[in-house]
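*Asks:* The following file, final_17.pdb, comprises PDB, C-alpha atoms:
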```pdb
MODEL        1
ATOM      1  CA  MET O   1     108.529  24.487 -52.869
ATOM      2  CA  LYS O   2     110.890  24.000 -55.820
ATOM      3  CA  LYS O   3     113.879  24.144 -53.441
ATOM      4  CA  PHE O   4     112.328  21.429 -51.272
ATOM      5  CA  PHE O   5     111.831  19.026 -54.210
ATOM      6  CA  LEU O   6     115.296  19.828 -55.578
ATOM      7  CA  GLY O   7     116.813  19.081 -52.170
ATOM      8  CA  LEU O   8     114.814  15.868 -51.921
ATOM      9  CA  ALA O   9     115.938  14.774 -55.400
ATOM     10  CA  ILE O  10     119.592  15.473 -54.584
ATOM     11  CA  SER O  11     119.266  13.497 -51.330
ATOM     12  CA  VAL O  12     117.730  10.491 -53.101
ATOM     13  CA  ILE O  13     120.407  10.560 -55.819
ATOM     14  CA  SER O  14     123.258  10.788 -53.280
ATOM     15  CA  ILE O  15     121.851   7.900 -51.227
ATOM     16  CA  SER O  16     121.275   5.832 -54.375
ATOM     17  CA  ALA O  17     124.819   6.449 -55.597
ATOM     18  CA  ASN O  18     126.205   4.663 -52.518
ATOM     19  CA  ALA O  19     123.504   1.977 -52.383
ATOM     20  CA  GLN O  20     124.158  -1.640 -53.212
ATOM     21  CA  VAL O  21     121.676  -4.385 -53.990
ATOM     22  CA  TYR O  22     122.168  -7.778 -52.353
ATOM     23  CA  VAL O  23     120.435 -11.114 -52.808
ATOM     24  CA  GLY O  24     120.630 -14.189 -50.683
ATOM     25  CA  GLY O  25     118.630 -16.157 -48.207
ATOM     26  CA  GLY O  26     118.581 -19.497 -46.531
ATOM     27  CA  LEU O  27     117.739 -23.102 -47.211
ATOM     28  CA  GLY O  28     116.689 -25.700 -44.661
ATOM     29  CA  PHE O  29     116.008 -29.421 -44.448
ATOM     30  CA  SER O  30     115.297 -31.688 -41.502
ATOM     31  CA  SER O  31     114.182 -35.258 -41.023
ATOM     32  CA  VAL O  32     113.191 -36.325 -37.508
ATOM     33  CA  LYS O  33     112.095 -39.727 -36.231
ATOM     34  CA  GLU O  34     111.076 -39.691 -32.567
ATOM     35  CA  ALA O  35     112.446 -42.208 -30.093
ATOM     36  CA  HIS O  36     110.184 -45.242 -29.934
ATOM     37  CA  HIS O  37     109.969 -48.861 -28.864
ATOM     38  CA  GLU O  38     111.289 -51.292 -31.471
ATOM     39  CA  ASP O  39     107.849 -52.919 -31.848
ATOM     40  CA  VAL O  40     106.144 -49.612 -32.702
ATOM     41  CA  ASP O  41     106.392 -47.981 -36.108
ATOM     42  CA  VAL O  42     106.467 -44.150 -36.039
ATOM     43  CA  ASP O  43     106.404 -41.715 -38.920
ATOM     44  CA  THR O  44     109.317 -39.498 -39.839
ATOM     45  CA  LYS O  45     108.652 -35.752 -39.923
ATOM     46  CA  THR O  46     110.389 -34.176 -42.910
ATOM     47  CA  THR O  47     110.602 -30.415 -43.435
ATOM     48  CA  PHE O  48     112.061 -28.393 -46.306
ATOM     49  CA  SER O  49     112.269 -24.590 -46.390
ATOM     50  CA  LEU O  50     113.502 -21.982 -48.843
ATOM     51  CA  VAL O  51     113.773 -18.296 -47.873
ATOM     52  CA  PRO O  52     115.216 -16.059 -50.602
ATOM     53  CA  GLU O  53     115.734 -12.381 -49.824
ATOM     54  CA  ILE O  54     116.606  -9.205 -51.668
ATOM     55  CA  GLY O  55     117.842  -6.044 -50.041
ATOM     56  CA  TYR O  56     119.211  -2.608 -50.618
ATOM     57  CA  GLN O  57     122.196  -1.339 -48.614
ATOM     58  CA  LEU O  58     121.404   2.397 -48.371
ATOM     59  CA  ASP O  59     124.668   3.340 -46.651
ATOM     60  CA  GLU O  60     127.245   1.769 -44.326
ATOM     61  CA  LYS O  61     124.763   1.404 -41.471
ATOM     62  CA  LEU O  62     121.263   1.113 -42.945
ATOM     63  CA  ALA O  63     119.723  -1.547 -45.214
ATOM     64  CA  VAL O  64     116.165  -2.450 -46.172
ATOM     65  CA  GLY O  65     114.981  -5.684 -47.682
ATOM     66  CA  VAL O  66     112.326  -8.326 -47.964
ATOM     67  CA  GLY O  67     112.402 -12.070 -47.393
ATOM     68  CA  LEU O  68     109.997 -14.435 -49.124
ATOM     69  CA  GLY O  69     109.559 -17.870 -47.656
ATOM     70  CA  TYR O  70     108.176 -21.273 -48.517
ATOM     71  CA  SER O  71     108.233 -24.382 -46.384
ATOM     72  CA  HIS O  72     106.781 -27.860 -46.820
ATOM     73  CA  SER O  73     106.438 -30.509 -44.138
ATOM     74  CA  LYS O  74     105.168 -34.080 -44.097
ATOM     75  CA  TYR O  75     104.357 -36.201 -41.062
ATOM     76  CA  GLY O  76     102.460 -39.376 -41.883
ATOM     77  CA  ASP O  77      99.232 -38.380 -43.658
ATOM     78  CA  LEU O  78      99.600 -34.724 -42.600
ATOM     79  CA  LYS O  79     101.176 -32.294 -45.099
ATOM     80  CA  GLY O  80     101.785 -28.610 -44.515
ATOM     81  CA  ASP O  81     102.693 -25.738 -46.816
ATOM     82  CA  ALA O  82     103.504 -22.219 -45.645
ATOM     83  CA  PHE O  83     104.187 -19.042 -47.602
ATOM     84  CA  SER O  84     105.536 -15.884 -45.969
ATOM     85  CA  ILE O  85     106.661 -12.347 -46.725
ATOM     86  CA  GLU O  86     108.753 -10.262 -44.334
ATOM     87  CA  PRO O  87     109.970  -6.747 -45.112
ATOM     88  CA  TYR O  88     112.689  -5.481 -42.752
ATOM     89  CA  ALA O  89     115.059  -2.635 -41.933
ATOM     90  CA  ARG O  90     118.557  -3.425 -40.666
ATOM     91  CA  TYR O  91     120.796  -1.078 -38.669
ATOM     92  CA  THR O  92     124.477  -1.972 -38.304
ATOM     93  CA  PHE O  93     125.661  -0.588 -34.970
ATOM     94  CA  ALA O  94     129.215  -2.007 -34.826
ATOM     95  CA  LYS O  95     131.906  -3.129 -37.248
ATOM     96  CA  LEU O  96     134.583  -5.422 -35.819
ATOM     97  CA  GLY O  97     136.986  -6.134 -38.676
ATOM     98  CA  THR O  98     135.086  -8.342 -41.101
ATOM     99  CA  VAL O  99     132.140  -8.823 -38.731
ATOM    100  CA  ASP O 100     129.158  -6.449 -38.662
ATOM    101  CA  LEU O 101     126.760  -6.511 -35.692
ATOM    102  CA  PHE O 102     123.204  -5.414 -36.480
ATOM    103  CA  ILE O 103     119.670  -5.132 -35.182
ATOM    104  CA  GLU O 104     116.832  -5.890 -37.568
ATOM    105  CA  GLY O 105     113.209  -4.818 -37.253
ATOM    106  CA  GLY O 106     110.534  -6.395 -39.375
ATOM    107  CA  VAL O 107     106.901  -7.168 -39.921
ATOM    108  CA  GLY O 108     105.617 -10.307 -41.539
ATOM    109  CA  TYR O 109     102.707 -12.341 -42.789
ATOM    110  CA  GLN O 110     102.511 -16.124 -43.171
ATOM    111  CA  HIS O 111      99.748 -18.248 -44.679
ATOM    112  CA  THR O 112      99.745 -21.922 -43.732
ATOM    113  CA  LYS O 113      97.676 -24.738 -45.210
ATOM    114  CA  ASN O 114      97.673 -28.164 -43.555
ATOM    115  CA  THR O 115      96.156 -31.099 -45.418
ATOM    116  CA  GLU O 116      95.416 -34.478 -43.865
ATOM    117  CA  GLU O 117      94.318 -37.477 -45.867
ATOM    118  CA  ILE O 118      91.731 -39.596 -44.088
ATOM    119  CA  LYS O 119      89.651 -42.611 -45.150
ATOM    120  CA  ASP O 120      88.694 -43.191 -48.783
ATOM    121  CA  ASN O 121      91.057 -40.504 -50.160
ATOM    122  CA  VAL O 122      89.111 -37.696 -48.450
ATOM    123  CA  GLU O 123      91.263 -34.685 -47.565
ATOM    124  CA  VAL O 124      90.726 -32.277 -44.673
ATOM    125  CA  ASN O 125      92.239 -28.801 -45.132
ATOM    126  CA  GLU O 126      93.032 -26.368 -42.343
ATOM    127  CA  LYS O 127      94.312 -22.865 -43.062
ATOM    128  CA  GLU O 128      95.662 -20.169 -40.784
ATOM    129  CA  ASN O 129      97.094 -16.679 -41.101
ATOM    130  CA  THR O 130      99.883 -15.299 -38.939
ATOM    131  CA  PHE O 131     100.978 -11.677 -38.560
ATOM    132  CA  TYR O 132     104.067 -10.651 -36.589
ATOM    133  CA  ILE O 133     106.247  -7.674 -35.752
ATOM    134  CA  GLY O 134     109.511  -7.614 -33.857
ATOM    135  CA  VAL O 135     113.248  -7.132 -33.686
ATOM    136  CA  ARG O 136     116.171  -9.512 -33.704
ATOM    137  CA  PRO O 137     119.916  -9.094 -33.393
ATOM    138  CA  GLY O 138     122.333 -10.606 -35.843
ATOM    139  CA  PHE O 139     125.772 -10.545 -37.347
ATOM    140  CA  LYS O 140     127.251 -10.585 -40.821
ATOM    141  CA  VAL O 141     130.670 -12.026 -41.653
ATOM    142  CA  ASN O 142     132.028 -10.351 -44.791
ATOM    143  CA  LEU O 143     134.091 -13.021 -46.553
ATOM    144  CA  ASN O 144     135.010 -10.551 -49.312
ATOM    145  CA  GLN O 145     133.495  -7.510 -51.067
ATOM    146  CA  LYS O 146     130.660  -9.567 -52.586
ATOM    147  CA  ILE O 147     129.887 -12.543 -50.303
ATOM    148  CA  ALA O 148     128.784 -12.485 -46.661
ATOM    149  CA  LEU O 149     127.474 -15.053 -44.188
ATOM    150  CA  VAL O 150     124.476 -13.703 -42.267
ATOM    151  CA  SER O 151     122.994 -14.986 -39.023
ATOM    152  CA  ARG O 152     120.004 -13.751 -37.068
ATOM    153  CA  VAL O 153     119.796 -14.863 -33.446
ATOM    154  CA  GLY O 154     116.613 -14.707 -31.402
ATOM    155  CA  TRP O 155     113.398 -12.734 -31.622
ATOM    156  CA  LEU O 156     111.622 -10.141 -29.497
ATOM    157  CA  GLY O 157     108.150  -9.298 -30.674
ATOM    158  CA  TRP O 158     104.455  -9.944 -31.022
ATOM    159  CA  LYS O 159     102.667 -12.561 -33.120
ATOM    160  CA  THR O 160      99.024 -13.396 -33.756
ATOM    161  CA  THR O 161      97.701 -16.500 -35.497
ATOM    162  CA  LYS O 162      94.105 -16.965 -36.581
ATOM    163  CA  PRO O 163      92.663 -20.099 -38.151
ATOM    164  CA  ASP O 164      90.715 -19.381 -41.329
ATOM    165  CA  VAL O 165      87.425 -20.438 -39.713
ATOM    166  CA  ASP O 166      84.389 -18.240 -39.039
ATOM    167  CA  ASP O 167      83.623 -17.386 -35.402
ATOM    168  CA  TYR O 168      87.006 -18.621 -34.218
ATOM    169  CA  LYS O 169      89.355 -16.440 -32.183
ATOM    170  CA  GLY O 170      93.052 -16.660 -32.819
ATOM    171  CA  SER O 171      96.017 -16.799 -30.508
ATOM    172  CA  SER O 172      98.485 -14.037 -29.766
ATOM    173  CA  GLU O 173     101.803 -14.002 -28.045
ATOM    174  CA  PHE O 174     104.431 -11.513 -26.991
ATOM    175  CA  GLY O 175     107.853 -12.563 -25.903
ATOM    176  CA  LEU O 176     111.539 -13.088 -26.217
ATOM    177  CA  ASN O 177     112.954 -16.222 -27.839
ATOM    178  CA  LEU O 178     116.693 -16.880 -27.622
ATOM    179  CA  ASP O 179     116.796 -20.660 -27.985
ATOM    180  CA  ALA O 180     118.294 -22.579 -30.914
ATOM    181  CA  THR O 181     114.980 -22.641 -32.829
ATOM    182  CA  ALA O 182     115.266 -18.872 -33.337
ATOM    183  CA  VAL O 183     118.650 -18.973 -35.113
ATOM    184  CA  GLN O 184     118.787 -18.401 -38.869
ATOM    185  CA  PHE O 185     121.778 -18.716 -41.200
ATOM    186  CA  GLY O 186     122.094 -17.508 -44.773
ATOM    187  CA  VAL O 187     124.398 -16.175 -47.473
ATOM    188  CA  ASN O 188     124.218 -12.791 -49.217
ATOM    189  CA  TYR O 189     125.740 -11.755 -52.533
ATOM    190  CA  THR O 190     126.195  -8.023 -53.206
ATOM    191  CA  PHE O 191     126.111  -6.672 -56.756
TER     192      PHE O 191
ENDMDL
END
```
Produce structure tokens that represent the structure in this file.

*Replies:*
Amino acid sequence: MKKFFLGLAISVISISANAQVYVGGGLGFSSVKEAHHEDVDVDTKTTFSLVPEIGYQLDEKLAVGVGLGYSHSKYGDLKGDAFSIEPYARYTFAKLGTVDLFIEGGVGYQHTKNTEEIKDNVEVNEKENTFYIGVRPGFKVNLNQKIALVSRVGWLGWKTTKPDVDDYKGSSEFGLNLDATAVQFGVNYTF
């Protein structure tokens, strides 16, 4: 038994000696006003998101990390706030010069609260919880030893969303998404 724990300790130390911590994430902003007739006034939908992440590069091919997210949106009297956490494991399967191609598997949880102001300053709150699991391909462009541009493209997985209301069934979906809404860009800094 002592040999097992000694071997385990040596393995952990050797992996840790080559490991590198990285931080990064993404930032997003959009402002959309739908097409409309000039006599009709429509609201602008504004969205802001911040997704910091921290990770640990275990060796040349394997990394683990976690992304934390916050987004805020406003559309007329409707406001939405969402918080998320998404741990992941990333496997780099090809290195092409300064570009690394990877596949990333993750699970996640998101809590969303939508608030709408109605007559006489009365607010209506709706909450929902989303759980998801899936994989997505991506690539990392290593600009130098410390800084890299990271992009994740698409999503293959399962997601379930349940409103925070008693006796209400949620939705679930399984699928593949490769359109432009499933593209993420970010920057990582390695210590």

*Asks:* Taking only C-alpha atoms into account, produce a table as a tab-separated table in which each residue of segment 7-103 of chain O with an atom at most 9 Å from an atom of segment 117-122 of chain O appears once, together with its shortest atom pair and the distance in Å to one decimal, ordered by chain and rising number.

*Replies:*
```
residue	atom	partner	partner_atom	distance
O:Asp77	CA	O:Glu117	CA	5.5
O:Leu78	CA	O:Glu117	CA	6.8
O:Lys79	CA	O:Glu117	CA	8.6
```

*Asks:* I'd like the residues picked by the PyMOL selection byres ((chain O and resi 151) around 12) written out as a short mmCIF file (atom, residue, chain, number, x, y, z; two decimals) with C-alpha atoms, in the frame of the given file, using the chain letters and numbers from the file.

*Replies:*
```cif
data_model
loop_
_atom_site.label_atom_id
_atom_site.label_comp_id
_atom_site.auth_asym_id
_atom_site.auth_seq_id
_atom_site.Cartn_x
_atom_site.Cartn_y
_atom_site.Cartn_z
CA GLY O 24 120.63 -14.19 -50.68
CA GLY O 25 118.63 -16.16 -48.21
CA GLY O 26 118.58 -19.50 -46.53
CA VAL O 99 132.14 -8.82 -38.73
CA ASP O 100 129.16 -6.45 -38.66
CA LEU O 101 126.76 -6.51 -35.69
CA PHE O 102 123.20 -5.41 -36.48
CA ILE O 103 119.67 -5.13 -35.18
CA GLU O 104 116.83 -5.89 -37.57
CA ARG O 136 116.17 -9.51 -33.70
CA PRO O 137 119.92 -9.09 -33.39
CA GLY O 138 122.33 -10.61 -35.84
CA PHE O 139 125.77 -10.54 -37.35
CA LYS O 140 127.25 -10.58 -40.82
CA VAL O 141 130.67 -12.03 -41.65
CA ASN O 142 132.03 -10.35 -44.79
CA ALA O 148 128.78 -12.48 -46.66
CA LEU O 149 127.47 -15.05 -44.19
CA VAL O 150 124.48 -13.70 -42.27
CA ARG O 152 120.00 -13.75 -37.07
CA VAL O 153 119.80 -14.86 -33.45
CA GLY O 154 116.61 -14.71 -31.40
CA ALA O 182 115.27 -18.87 -33.34
CA VAL O 183 118.65 -18.97 -35.11
CA GLN O 184 118.79 -18.40 -38.87
CA PHE O 185 121.78 -18.72 -41.20
CA GLY O 186 122.09 -17.51 -44.77
CA VAL O 187 124.40 -16.18 -47.47
CA ASN O 188 124.22 -12.79 -49.22
#
```

*Asks:* I'd like the neighbourhood of segment 165-175 of chain O as JSON, numbers by chain, where a residue qualifies if any of its atoms comes within 12 Å (using only C-alpha atoms), though same-chain residues fewer than 3 positions away should be ignored.

*Replies:* {"O": [125, 126, 127, 128, 129, 130, 131, 132, 133, 134, 135, 136, 154, 155, 156, 157, 158, 159, 160, 161, 162, 178]}

*Asks:* Tell me, in Å to one decimal, how far atom CA of Leu143 of chain O is from atom CA of Leu27 of chain O.

*Replies:* 19.2 Å

*Asks:* Could the centre and edge lengths of an axis-aligned box, enclosing all atoms of segment 161-175 of chain O in the file with 4 Å extra on each side, be given in Å to one decimal as AutoDock Vina command-line options?

*Replies:*
```
--center_x 95.7 --center_y -16.0 --center_z -33.6 --size_x 32.2 --size_y 16.9 --size_z 23.4
```
